[in-house]
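Okay, run03.cif now, which holds mmCIF, C-alpha atoms:
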data_model
loop_
_atom_site.label_atom_id
_atom_site.label_comp_id
_atom_site.auth_asym_id
_atom_site.auth_seq_id
_atom_site.Cartn_x
_atom_site.Cartn_y
_atom_site.Cartn_z
CA MET A 1 46.43 -14.96 -7.24
CA LYS A 2 45.69 -13.64 -3.77
CA ILE A 3 44.60 -10.29 -5.17
CA ARG A 4 42.34 -11.98 -7.72
CA ASN A 5 40.77 -14.08 -4.99
CA SER A 6 40.19 -11.07 -2.78
CA ILE A 7 38.61 -9.11 -5.68
CA PHE A 8 36.37 -12.08 -6.45
CA GLY A 9 35.43 -12.28 -2.77
CA LEU A 10 34.65 -8.57 -2.68
CA VAL A 11 32.43 -8.82 -5.77
CA ILE A 12 30.56 -11.75 -4.22
CA CYS A 13 30.14 -9.79 -0.96
CA VAL A 14 28.78 -6.71 -2.76
CA PHE A 15 26.32 -8.82 -4.75
CA ALA A 16 25.25 -10.73 -1.63
CA ALA A 17 24.80 -7.48 0.30
CA SER A 18 22.62 -5.97 -2.44
CA SER A 19 20.54 -9.15 -2.68
CA LEU A 20 20.17 -9.23 1.09
CA ALA A 21 19.03 -5.60 1.15
CA SER A 22 16.16 -6.19 -1.25
CA SER A 23 15.41 -9.69 0.10
CA GLY A 24 14.89 -8.04 3.48
CA MET A 25 11.87 -6.34 1.93
CA GLU A 26 9.89 -9.57 1.86
CA GLY A 27 6.91 -9.24 4.19
CA GLN A 28 7.32 -5.45 4.35
CA PRO A 29 4.86 -2.97 2.79
CA ALA A 30 5.90 -2.23 -0.80
CA PRO A 31 7.18 1.37 -1.04
CA ASP A 32 4.69 3.46 -2.99
CA PHE A 33 5.69 5.33 -6.13
CA ALA A 34 4.25 7.15 -9.12
CA LEU A 35 5.90 7.18 -12.54
CA LYS A 36 5.11 8.22 -16.07
CA SER A 37 4.15 5.29 -18.27
CA SER A 38 4.74 4.54 -21.94
CA THR A 39 1.15 5.62 -22.70
CA GLY A 40 1.80 9.06 -21.17
CA GLU A 41 -0.34 8.34 -18.12
CA ASN A 42 1.04 8.57 -14.60
CA MET A 43 0.71 5.34 -12.63
CA ARG A 44 0.82 4.89 -8.89
CA LEU A 45 1.46 1.53 -7.23
CA SER A 46 -0.99 2.11 -4.37
CA GLU A 47 -3.82 2.49 -6.89
CA HIS A 48 -3.41 -1.22 -7.66
CA ARG A 49 -4.08 -2.27 -4.06
CA GLY A 50 -6.33 -5.31 -4.20
CA ASP A 51 -4.48 -6.74 -7.20
CA VAL A 52 -1.41 -8.94 -7.23
CA VAL A 53 1.30 -6.74 -8.73
CA MET A 54 4.58 -7.77 -10.29
CA ILE A 55 7.18 -5.02 -10.58
CA ASN A 56 9.88 -5.86 -13.08
CA PHE A 57 12.93 -3.58 -13.17
CA TRP A 58 14.68 -3.73 -16.53
CA ALA A 59 17.06 -1.89 -18.84
CA THR A 60 17.71 -1.97 -22.57
CA TRP A 61 21.35 -2.99 -22.06
CA CYS A 62 20.36 -6.08 -20.04
CA GLY A 63 20.32 -9.31 -22.07
CA PRO A 64 18.34 -11.48 -19.62
CA CYS A 65 15.66 -8.74 -19.46
CA ARG A 66 15.14 -9.06 -23.22
CA GLN A 67 14.75 -12.83 -22.74
CA GLU A 68 12.41 -12.52 -19.78
CA MET A 69 10.02 -9.77 -20.91
CA PRO A 70 8.04 -11.72 -23.55
CA LEU A 71 7.50 -14.51 -20.97
CA LEU A 72 6.28 -11.99 -18.40
CA ASP A 73 3.97 -10.53 -21.03
CA GLU A 74 2.41 -13.99 -21.48
CA LEU A 75 1.75 -14.18 -17.73
CA TYR A 76 0.27 -10.68 -17.82
CA THR A 77 -2.05 -11.52 -20.73
CA ARG A 78 -3.19 -14.73 -19.06
CA TYR A 79 -3.85 -13.46 -15.52
CA GLN A 80 -4.71 -9.79 -16.08
CA ARG A 81 -8.47 -10.43 -15.99
CA VAL A 82 -8.29 -12.17 -12.60
CA GLY A 83 -6.54 -9.36 -10.73
CA PHE A 84 -2.92 -9.56 -11.80
CA ASN A 85 -0.96 -6.50 -12.86
CA LEU A 86 2.53 -6.14 -14.22
CA LEU A 87 4.48 -2.90 -14.08
CA GLY A 88 7.72 -2.88 -16.02
CA VAL A 89 10.02 -0.22 -14.59
CA ASN A 90 12.69 0.88 -17.05
CA ILE A 91 15.75 2.51 -15.55
CA ASP A 92 17.41 3.84 -18.74
CA ASP A 93 18.32 7.52 -18.89
CA ASP A 94 16.79 7.74 -22.35
CA SER A 95 13.19 6.56 -22.48
CA GLY A 96 13.30 6.61 -26.30
CA ARG A 97 15.49 3.51 -26.35
CA ALA A 98 13.11 1.74 -24.00
CA MET A 99 10.14 2.60 -26.23
CA LYS A 100 12.01 1.15 -29.22
CA MET A 101 12.70 -2.08 -27.36
CA ILE A 102 9.06 -2.38 -26.20
CA GLU A 103 7.97 -2.08 -29.84
CA GLU A 104 10.55 -4.64 -30.96
CA LEU A 105 9.50 -7.16 -28.32
CA GLY A 106 5.79 -6.41 -28.79
CA VAL A 107 5.00 -6.52 -25.08
CA ASN A 108 1.67 -5.17 -23.86
CA PHE A 109 2.20 -4.61 -20.14
CA PRO A 110 2.55 -1.02 -18.89
CA VAL A 111 6.12 0.23 -18.86
CA LEU A 112 7.08 3.04 -16.49
CA PHE A 113 10.16 5.23 -16.74
CA ASP A 114 12.38 5.71 -13.74
CA ALA A 115 15.03 7.92 -15.33
CA ARG A 116 15.78 9.59 -11.97
CA LYS A 117 16.35 6.10 -10.45
CA GLU A 118 14.29 7.06 -7.42
CA VAL A 119 12.11 3.96 -7.48
CA SER A 120 15.02 1.59 -8.10
CA LYS A 121 16.68 3.09 -5.02
CA LEU A 122 13.51 2.50 -3.01
CA TYR A 123 13.61 -1.17 -4.00
CA PHE A 124 17.43 -1.53 -3.63
CA VAL A 125 17.81 -2.52 -7.27
CA GLU A 126 21.48 -3.21 -7.85
CA ALA A 127 21.28 -6.03 -10.39
CA MET A 128 19.27 -6.49 -13.58
CA PRO A 129 16.55 -7.65 -13.88
CA VAL A 130 14.87 -7.56 -10.47
CA THR A 131 11.34 -8.87 -10.15
CA VAL A 132 9.23 -8.06 -7.10
CA LEU A 133 5.87 -9.64 -6.34
CA VAL A 134 3.42 -7.61 -4.25
CA ASP A 135 0.31 -9.23 -2.74
CA ARG A 136 -3.24 -7.86 -2.63
CA GLU A 137 -2.53 -6.17 0.72
CA GLY A 138 0.37 -4.24 -0.77
CA ASN A 139 3.16 -6.23 0.89
CA VAL A 140 6.31 -7.43 -0.85
CA ARG A 141 6.13 -11.23 -0.94
CA HIS A 142 8.88 -12.37 -3.31
CA VAL A 143 12.00 -10.75 -4.71
CA HIS A 144 13.95 -12.34 -7.59
CA HIS A 145 17.38 -11.22 -8.72
CA GLY A 146 18.47 -11.83 -12.29
CA TYR A 147 16.82 -14.19 -14.70
CA LYS A 148 17.60 -17.74 -15.79
CA PRO A 149 15.44 -19.89 -18.08
CA GLY A 150 12.95 -21.67 -15.84
CA TYR A 151 12.37 -18.73 -13.48
CA GLU A 152 9.02 -18.14 -15.23
CA GLU A 153 7.78 -21.42 -13.70
CA LYS A 154 8.59 -20.04 -10.26
CA TYR A 155 6.80 -16.78 -11.10
CA LEU A 156 3.77 -18.72 -12.32
CA ASP A 157 3.51 -20.72 -9.07
CA GLN A 158 3.90 -17.62 -6.93
CA ILE A 159 1.39 -15.57 -8.92
CA ARG A 160 -1.18 -18.36 -8.75
CA SER A 161 -0.77 -18.81 -5.02
CA LEU A 162 -0.99 -15.03 -4.40
CA LEU A 163 -4.11 -14.79 -6.57
CA ARG A 164 -5.72 -17.56 -4.53
CA GLU A 165 -5.22 -15.70 -1.22
CA MET B 166 -22.51 -58.40 63.54
CA THR B 167 -22.85 -60.41 60.32
CA LYS B 168 -26.62 -59.97 60.49
CA SER B 169 -26.33 -56.24 60.70
CA LEU B 170 -23.86 -56.24 57.81
CA ILE B 171 -26.23 -58.29 55.66
CA SER B 172 -29.12 -55.95 56.45
CA LEU B 173 -26.96 -52.95 55.58
CA PHE B 174 -26.05 -54.45 52.16
CA ALA B 175 -29.68 -55.30 51.53
CA ALA B 176 -30.71 -51.72 52.34
CA ALA B 177 -28.01 -50.35 50.03
CA ALA B 178 -29.09 -52.68 47.20
CA LEU B 179 -32.70 -51.59 47.62
CA ALA B 180 -31.74 -47.95 47.53
CA ILE B 181 -29.70 -48.42 44.32
CA GLY B 182 -32.54 -50.40 42.75
CA SER B 183 -35.12 -47.75 43.52
CA ALA B 184 -32.84 -45.04 42.16
CA ALA B 185 -32.42 -46.98 38.91
CA VAL B 186 -36.17 -47.40 38.56
CA ALA B 187 -36.62 -43.71 39.18
CA GLN B 188 -34.06 -42.93 36.48
CA GLU B 189 -35.73 -45.26 33.99
CA ALA B 190 -39.06 -43.70 34.72
CA ALA B 191 -37.76 -40.16 34.38
CA PRO B 192 -38.18 -39.72 30.59
CA MET B 193 -41.80 -40.64 30.93
CA ASP B 194 -42.26 -37.93 33.55
CA ALA B 195 -43.65 -34.80 31.78
CA PRO B 196 -42.89 -32.13 34.42
CA SER B 197 -39.26 -33.19 34.69
CA ALA B 198 -38.90 -33.10 30.83
CA MET B 199 -40.22 -29.55 30.89
CA ALA B 200 -37.80 -28.67 33.62
CA ASP B 201 -34.97 -30.09 31.51
CA ALA B 202 -36.09 -28.09 28.47
CA MET B 203 -36.25 -24.97 30.59
CA THR B 204 -32.77 -25.51 31.94
CA SER B 205 -31.37 -26.09 28.41
CA GLU B 206 -33.12 -22.90 27.21
CA ALA B 207 -31.69 -21.02 30.13
CA SER B 208 -28.20 -22.29 29.38
CA GLU B 209 -28.62 -21.36 25.70
CA SER B 210 -29.67 -17.82 26.56
CA GLU B 211 -26.77 -17.63 29.00
CA SER B 212 -24.30 -18.67 26.30
CA ARG B 213 -25.91 -16.19 23.88
CA GLN B 214 -25.48 -13.45 26.44
CA GLU B 215 -21.90 -14.50 27.02
CA PHE B 216 -21.29 -14.39 23.26
CA ARG B 217 -22.88 -10.95 23.06
CA SER B 218 -20.73 -9.61 25.88
CA LEU B 219 -17.64 -11.15 24.21
CA ASP B 220 -18.58 -9.43 20.96
CA GLN B 221 -19.02 -6.14 22.80
CA ASP B 222 -15.61 -6.64 24.42
CA VAL B 223 -14.04 -7.19 21.00
CA GLN B 224 -15.73 -4.06 19.62
CA THR B 225 -14.56 -1.98 22.57
CA LEU B 226 -11.05 -3.34 22.16
CA LYS B 227 -11.13 -2.49 18.45
CA LYS B 228 -12.27 1.03 19.21
CA GLU B 229 -9.52 1.42 21.81
CA VAL B 230 -6.93 0.23 19.29
CA LEU B 231 -8.21 2.73 16.72
CA ASP B 232 -8.15 5.55 19.28
CA LEU B 233 -4.65 4.59 20.31
CA ASN B 234 -3.56 4.51 16.68
CA ARG B 235 -5.01 8.00 16.11
CA ASP B 236 -3.32 9.34 19.25
CA LEU B 237 0.01 7.84 18.19
CA PHE B 238 -0.34 9.35 14.71
CA LEU B 239 -1.07 12.79 16.13
CA LEU B 240 1.77 12.48 18.61
CA GLU B 241 4.17 11.44 15.87
CA GLU B 242 3.10 14.40 13.73
CA GLU B 243 3.47 16.78 16.64
CA LEU B 244 6.95 15.45 17.31
CA LEU B 245 8.08 15.44 13.69
CA PHE B 246 6.44 18.70 12.72
CA PRO B 247 6.09 20.89 15.80
CA ALA B 248 3.32 23.43 15.32
CA ASN B 249 5.71 26.35 15.65
CA SER B 250 7.91 25.43 12.71
CA GLN B 251 5.30 23.59 10.64
CA VAL B 252 4.59 24.62 7.06
CA ALA B 253 2.20 22.69 4.85
CA PHE B 254 1.58 23.10 1.12
CA PHE B 255 -1.74 22.17 -0.45
CA ILE B 256 -2.82 21.84 -4.07
CA SER B 257 -6.37 22.54 -5.13
CA MET B 258 -8.09 22.94 -8.46
CA ASP B 259 -11.12 24.86 -9.56
CA VAL B 260 -12.95 23.60 -12.66
CA GLY B 261 -9.82 22.51 -14.52
CA GLU B 262 -11.14 23.26 -18.01
CA TYR B 263 -7.97 24.98 -19.22
CA PHE B 264 -5.46 22.90 -17.36
CA GLU B 265 -5.06 19.23 -16.57
CA ILE B 266 -2.32 18.82 -14.02
CA ASP B 267 0.39 16.21 -14.60
CA SER B 268 2.93 17.10 -11.95
CA VAL B 269 4.00 19.77 -9.53
CA ASN B 270 7.48 20.62 -8.39
CA ILE B 271 7.96 22.64 -5.23
CA LYS B 272 11.10 24.48 -4.25
CA VAL B 273 11.55 26.28 -0.95
CA ASP B 274 14.50 28.68 -0.77
CA GLY B 275 15.90 27.20 -3.96
CA LYS B 276 15.84 23.63 -2.69
CA GLU B 277 13.53 21.05 -4.23
CA VAL B 278 11.28 19.66 -1.51
CA ALA B 279 8.56 17.88 -3.48
CA ASN B 280 7.99 16.51 -6.93
CA TYR B 281 4.59 14.92 -7.25
CA LEU B 282 3.10 13.08 -10.23
CA TYR B 283 -0.69 13.01 -10.41
CA THR B 284 -2.53 9.96 -11.72
CA ALA B 285 -5.83 10.29 -13.61
CA ARG B 286 -7.74 9.33 -10.44
CA GLU B 287 -5.98 11.98 -8.38
CA VAL B 288 -6.68 14.64 -11.02
CA ASP B 289 -10.32 13.60 -10.97
CA ALA B 290 -10.37 13.92 -7.18
CA LEU B 291 -8.87 17.43 -7.42
CA ILE B 292 -11.43 18.50 -10.01
CA ARG B 293 -14.19 17.21 -7.73
CA GLY B 294 -13.00 19.55 -5.03
CA GLY B 295 -10.34 17.52 -3.28
CA VAL B 296 -7.37 19.25 -1.69
CA HIS B 297 -4.04 17.47 -1.69
CA ARG B 298 -1.39 18.06 0.94
CA VAL B 299 1.65 17.82 -1.26
CA HIS B 300 4.31 18.59 1.30
CA MET B 301 4.87 19.32 4.95
CA ALA B 302 8.07 20.75 6.37
CA ASN B 303 9.71 22.50 9.26
CA LEU B 304 10.91 26.03 8.57
CA LYS B 305 12.55 28.69 10.69
CA THR B 306 10.74 31.93 11.35
CA GLY B 307 11.44 34.63 8.78
CA ASP B 308 11.07 35.12 5.02
CA HIS B 309 11.11 32.18 2.67
CA GLU B 310 10.71 31.86 -1.07
CA LEU B 311 8.36 29.36 -2.59
CA ILE B 312 8.53 28.34 -6.25
CA ALA B 313 5.90 25.98 -7.63
CA ILE B 314 6.23 24.65 -11.16
CA PHE B 315 3.15 23.06 -12.66
CA THR B 316 3.25 20.85 -15.75
CA GLY B 317 0.30 19.36 -17.58
CA LYS B 318 -1.98 19.85 -20.53
CA GLY B 319 -3.09 23.42 -21.15
CA PRO B 320 -5.70 24.88 -23.49
CA HIS B 321 -6.18 22.85 -26.71
CA VAL B 322 -4.48 19.86 -24.98
CA ARG B 323 -1.03 21.38 -25.46
CA ASP B 324 1.85 20.67 -23.12
CA TYR B 325 1.87 23.42 -20.55
CA ARG B 326 4.40 24.47 -17.94
CA ARG B 327 3.96 27.39 -15.61
CA GLY B 328 5.55 28.62 -12.44
CA ALA B 329 4.26 30.58 -9.50
CA THR B 330 6.49 32.32 -6.99
CA MET B 331 5.77 33.80 -3.62
CA THR B 332 7.71 35.06 -0.66
CA PHE B 333 6.05 34.29 2.60
CA ASP B 334 6.78 35.23 6.14
CA LYS B 335 6.93 32.37 8.57
CA GLY B 336 5.95 33.65 11.96
CA ILE B 337 5.37 31.80 15.20
CA GLY B 338 2.76 29.12 14.68
CA ALA B 339 1.92 26.78 11.83
CA LYS B 340 1.68 28.09 8.26
CA TYR B 341 -0.57 26.70 5.55
CA LEU B 342 -0.16 27.64 1.90
CA GLU B 343 -2.57 26.69 -0.83
CA LEU B 344 -1.47 26.49 -4.45
CA GLU B 345 -4.70 26.99 -6.32
CA ILE B 346 -5.22 26.34 -10.01
CA THR B 347 -8.17 28.25 -11.40
CA ASP B 348 -9.57 28.97 -14.85
CA ARG B 349 -9.43 32.52 -16.14
CA VAL B 350 -12.34 32.48 -18.55
CA LYS B 351 -11.60 35.93 -20.06
CA LYS B 352 -8.13 34.91 -21.22
CA GLN B 353 -9.05 31.25 -21.65
CA GLN B 354 -5.97 30.38 -19.68
CA PRO B 355 -5.34 28.70 -16.35
CA GLU B 356 -4.23 30.79 -13.44
CA PHE B 357 -1.91 29.73 -10.62
CA VAL B 358 -2.40 31.47 -7.32
CA ILE B 359 -0.67 30.95 -3.99
CA LYS B 360 -2.85 31.70 -0.99
CA GLU B 361 -2.06 31.81 2.68
CA TRP B 362 -4.54 30.22 5.03
CA GLU B 363 -5.32 32.31 8.05
#
Encoded form using structure tokens:
Amino acid sequence: MKIRNSIFGLVICVFAASSLASSGMEGQPAPDFALKSSTGENMRLSEHRGDVVMINFWATWCGPCRQEMPLLDELYTRYQRVGFNLLGVNIDDDSGRAMKMIEELGVNFPVLFDARKEVSKLYFVEAMPVTVLVDREGNVRHVHHGYKPGYEEKYLDQIRSLLRE
Amino acid sequence: MTKSLISLFAAAALAIGSAAVAQEAAPMDAPSAMADAMTSEASESESRQEFRSLDQDVQTLKKEVLDLNRDLFLLEEELLFPANSQVAFFISMDVGEYFEIDSVNIKVDGKEVANYLYTAREVDALIRGGVHRVHMANLKTGDHELIAIFTGKGPHVRDYRRGATMTFDKGIGAKYLELEITDRVKKQQPEFVIKEWE
């Protein structure tokens, strides 16, 4: 029983530490990166300075990501014309699988491939999905770990308030 | 005693009364109105001047902050990359008809030091004559090997991957190397040249 409790405690600690690491990014300049996108183009975060950018880290093996992505796509479609951008960063080793899932889900936002996991390291991504909101000045403003139904309402409020700034 | 007190009060009352009359009459008095207007104008111009000098102060302060920022940046660079061991690698492009760069990978002495992906905007900037400092490092004096691998779209929009190798001698003082992509019209192929800046 003691061992089980200590393992449980350790797991909680590791999760809390990883969340703390990326939560500590709030208010800090968002680390810049460039990745290849699903359209074949290279995309760089700093080229979106002036827009509110949502970076969504996802993987094909992550169930909540599959649930969340169509909802994020709705937000992207609605606010894209007023200066909102969504970059989905896939961390799978095989980008083919990711492409298949994008087609299945029918999402339209740009998906970037981080097969070398360099960008996920920059953003301390240790859980799936992780959603980061970057303001017009290029600073990280909100970091969300995981996804539960209802989170999209939170995203909506935060996007709207960042767009108003 | 009481008489003198009464006369004193009477004198004081008279004085107050006359002052009040004078005050009431003042707005009707044209020269004093002009004087008032002049004083208000003077105070306005004074405040304008004050505002101007405040604005100048702010501008000077801004300039000082910018200068300080520049000095700090230079100092930081000097500390991180001392001129004696500094090596910088630049990418440039001439015309770009036979090659559209996608990425460049740089290895120095077999160790990967830079892997840079170019966005469409950056490629456009290179074609327009821009030079990109892709990497800066500290290297010991002596011979070093540089391998640059370029990937992108070659002639007929085909995937293209080419490497360029060079051994360079790092002496005392900073070293600047330019990786230049040019078009070889005769062969209708791109050419990758490494040049040393003198």
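Near chain A, the residues of chain B that fall inside 9 Å (using all atoms listed in the file) are Asp267, Tyr281, Leu282, Tyr283, Thr284, Ala285 and Arg286 of chain B.
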Take the residues that were just selected and, keeping C-alpha atoms, output them as a tab-separated table (two decimals), in the coordinates of the input.
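Below is the file again09.tsv, written as the result:
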chain	number	residue	atom	x	y	z
B	267	ASP	CA	0.39	16.21	-14.60
B	281	TYR	CA	4.59	14.92	-7.25
B	282	LEU	CA	3.10	13.08	-10.23
B	283	TYR	CA	-0.69	13.01	-10.41
B	284	THR	CA	-2.53	9.96	-11.72
B	285	ALA	CA	-5.83	10.29	-13.61
B	286	ARG	CA	-7.74	9.33	-10.44
*Would you kindly translate the PyMOL selection byres ((chain A and resi 152) around 12) into the concrete residues it picks from this file, as a PyMOL selection string?*
chain A and resi 67-76+131+144+146-151+153-159
*Could you state the separation of atom CA of Val299 of chain B and atom CA of Asp324 of chain B in Å, given to one decimal place?*
22.0 Å
Decode the PyMOL selection byres ((chain A and resi 118) around 12) for the given file into explicit residues and return them as a PDB file with C-alpha atoms, in the frame of the given file.
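The resulting file, out-v6.pdb, is reproduced below:
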ATOM      1  CA  PRO A  31       7.180   1.370  -1.040  1.00  0.00           C
ATOM      2  CA  ASP A  32       4.690   3.460  -2.990  1.00  0.00           C
ATOM      3  CA  PHE A  33       5.690   5.330  -6.130  1.00  0.00           C
ATOM      4  CA  ALA A  34       4.250   7.150  -9.120  1.00  0.00           C
ATOM      5  CA  LEU A  35       5.900   7.180 -12.540  1.00  0.00           C
ATOM      6  CA  VAL A  89      10.020  -0.220 -14.590  1.00  0.00           C
ATOM      7  CA  ASN A  90      12.690   0.880 -17.050  1.00  0.00           C
ATOM      8  CA  ILE A  91      15.750   2.510 -15.550  1.00  0.00           C
ATOM      9  CA  PHE A 113      10.160   5.230 -16.740  1.00  0.00           C
ATOM     10  CA  ASP A 114      12.380   5.710 -13.740  1.00  0.00           C
ATOM     11  CA  ALA A 115      15.030   7.920 -15.330  1.00  0.00           C
ATOM     12  CA  ARG A 116      15.780   9.590 -11.970  1.00  0.00           C
ATOM     13  CA  LYS A 117      16.350   6.100 -10.450  1.00  0.00           C
ATOM     14  CA  VAL A 119      12.110   3.960  -7.480  1.00  0.00           C
ATOM     15  CA  SER A 120      15.020   1.590  -8.100  1.00  0.00           C
ATOM     16  CA  LYS A 121      16.680   3.090  -5.020  1.00  0.00           C
ATOM     17  CA  LEU A 122      13.510   2.500  -3.010  1.00  0.00           C
ATOM     18  CA  TYR A 123      13.610  -1.170  -4.000  1.00  0.00           C
ATOM     19  CA  PHE A 124      17.430  -1.530  -3.630  1.00  0.00           C
ATOM     20  CA  VAL A 125      17.810  -2.520  -7.270  1.00  0.00           C
TER      21      VAL A 125
ATOM     22  CA  ASN B 280       7.990  16.510  -6.930  1.00  0.00           C
TER      23      ASN B 280
END
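As for atom CA of Thr60 of chain A and atom CA of Ser37 of chain A, they are spaced 16.0 Å apart.
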*asked:* Can you translate the PyMOL selection byres ((chain B and resi 326) around 12) into the concrete residues it hits in this file, as a ChimeraX atom specification?
replied: /B:264-270,313-320,323-325,327-329,355-357
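Within 6 Å of the point (-7.7, 22.5, -5.8), counting all atoms listed in the file, the protein and nucleic acid residues come to Ile256, Ser257, Met258, Asp259, Leu291, Val296 and Glu345 of chain B.
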*Mind checking which residues fall within 8 Å of Trp362 of chain B, counting only C-alpha atoms, ignoring those fewer than 2 positions away in the same chain, and posting them as a PyMOL selection string?*
chain B and resi 340-343+360
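Reported to one decimal place, the separation of atom CA of Thr332 of chain B from atom CA of Gly275 of chain B is 11.8 Å.
Among the candidates A:Phe84, A:Ser38, A:Glu26, A:Pro129, the one nearest to Asn108 of chain A when counting only C-alpha atoms is A:Ser38.
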*Write out as JSON, numbers by chain the residues lying within 12 Å of Ala339 of chain B, counting all atoms listed in the file and excluding same-chain residues fewer than 5 positions away.*
{"B": [243, 246, 247, 248, 249, 250, 251, 252, 253, 254, 301, 302, 303, 304, 305, 306, 334, 361, 362, 363]}
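If only C-alpha atoms are the atoms counted, then among A:Glu103, A:Leu86, A:Val134, A:Val52 the closest residue to Arg66 of chain A is A:Glu103.
The protein and nucleic acid residues lying at most 8 Å from Glu310 of chain B are Val273, Asp274, Gly275, Thr330, Met331, Thr332 and Phe333 of chain B, with all atoms listed in the file considered and sequence neighbours fewer than 3 positions away removed.
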Complete the atoms of segment 310-326 of chain B to N, CA and C atoms and put them out as a compact mmCIF listing (two decimals), keeping the file's coordinate frame.
# COMPACT_ATOMS: atom_id res chain seq x y z
N GLU B 310 11.21 31.76 0.30
CA GLU B 310 10.71 31.86 -1.07
C GLU B 310 10.16 30.51 -1.52
N LEU B 311 8.99 30.58 -2.08
CA LEU B 311 8.36 29.36 -2.59
C LEU B 311 8.23 29.45 -4.11
N ILE B 312 8.71 28.40 -4.79
CA ILE B 312 8.53 28.34 -6.25
C ILE B 312 7.78 27.04 -6.54
N ALA B 313 6.67 27.17 -7.24
CA ALA B 313 5.90 25.98 -7.63
C ALA B 313 5.86 25.92 -9.15
N ILE B 314 6.28 24.80 -9.71
CA ILE B 314 6.23 24.65 -11.16
C ILE B 314 5.21 23.58 -11.50
N PHE B 315 4.22 23.98 -12.28
CA PHE B 315 3.15 23.06 -12.66
C PHE B 315 3.36 22.61 -14.11
N THR B 316 3.23 21.32 -14.36
CA THR B 316 3.25 20.85 -15.75
C THR B 316 1.97 20.07 -15.99
N GLY B 317 1.53 20.09 -17.23
CA GLY B 317 0.30 19.36 -17.58
C GLY B 317 -0.14 19.71 -18.97
N LYS B 318 -1.42 19.52 -19.21
CA LYS B 318 -1.98 19.85 -20.53
C LYS B 318 -2.78 21.15 -20.38
N GLY B 319 -2.42 22.13 -21.21
CA GLY B 319 -3.09 23.42 -21.15
C GLY B 319 -4.24 23.50 -22.14
N PRO B 320 -4.62 24.72 -22.52
CA PRO B 320 -5.70 24.88 -23.49
C PRO B 320 -5.35 24.18 -24.81
N HIS B 321 -6.33 23.61 -25.46
CA HIS B 321 -6.18 22.85 -26.71
C HIS B 321 -5.26 21.64 -26.54
N VAL B 322 -5.26 21.08 -25.33
CA VAL B 322 -4.48 19.86 -24.98
C VAL B 322 -3.01 20.00 -25.37
N ARG B 323 -2.46 21.18 -25.18
CA ARG B 323 -1.03 21.38 -25.46
C ARG B 323 -0.25 21.23 -24.16
N ASP B 324 1.00 20.78 -24.31
CA ASP B 324 1.85 20.67 -23.12
C ASP B 324 2.02 22.06 -22.51
N TYR B 325 1.90 22.13 -21.22
CA TYR B 325 1.87 23.42 -20.55
C TYR B 325 2.76 23.37 -19.31
N ARG B 326 3.52 24.40 -19.11
CA ARG B 326 4.40 24.47 -17.94
C ARG B 326 4.39 25.89 -17.42
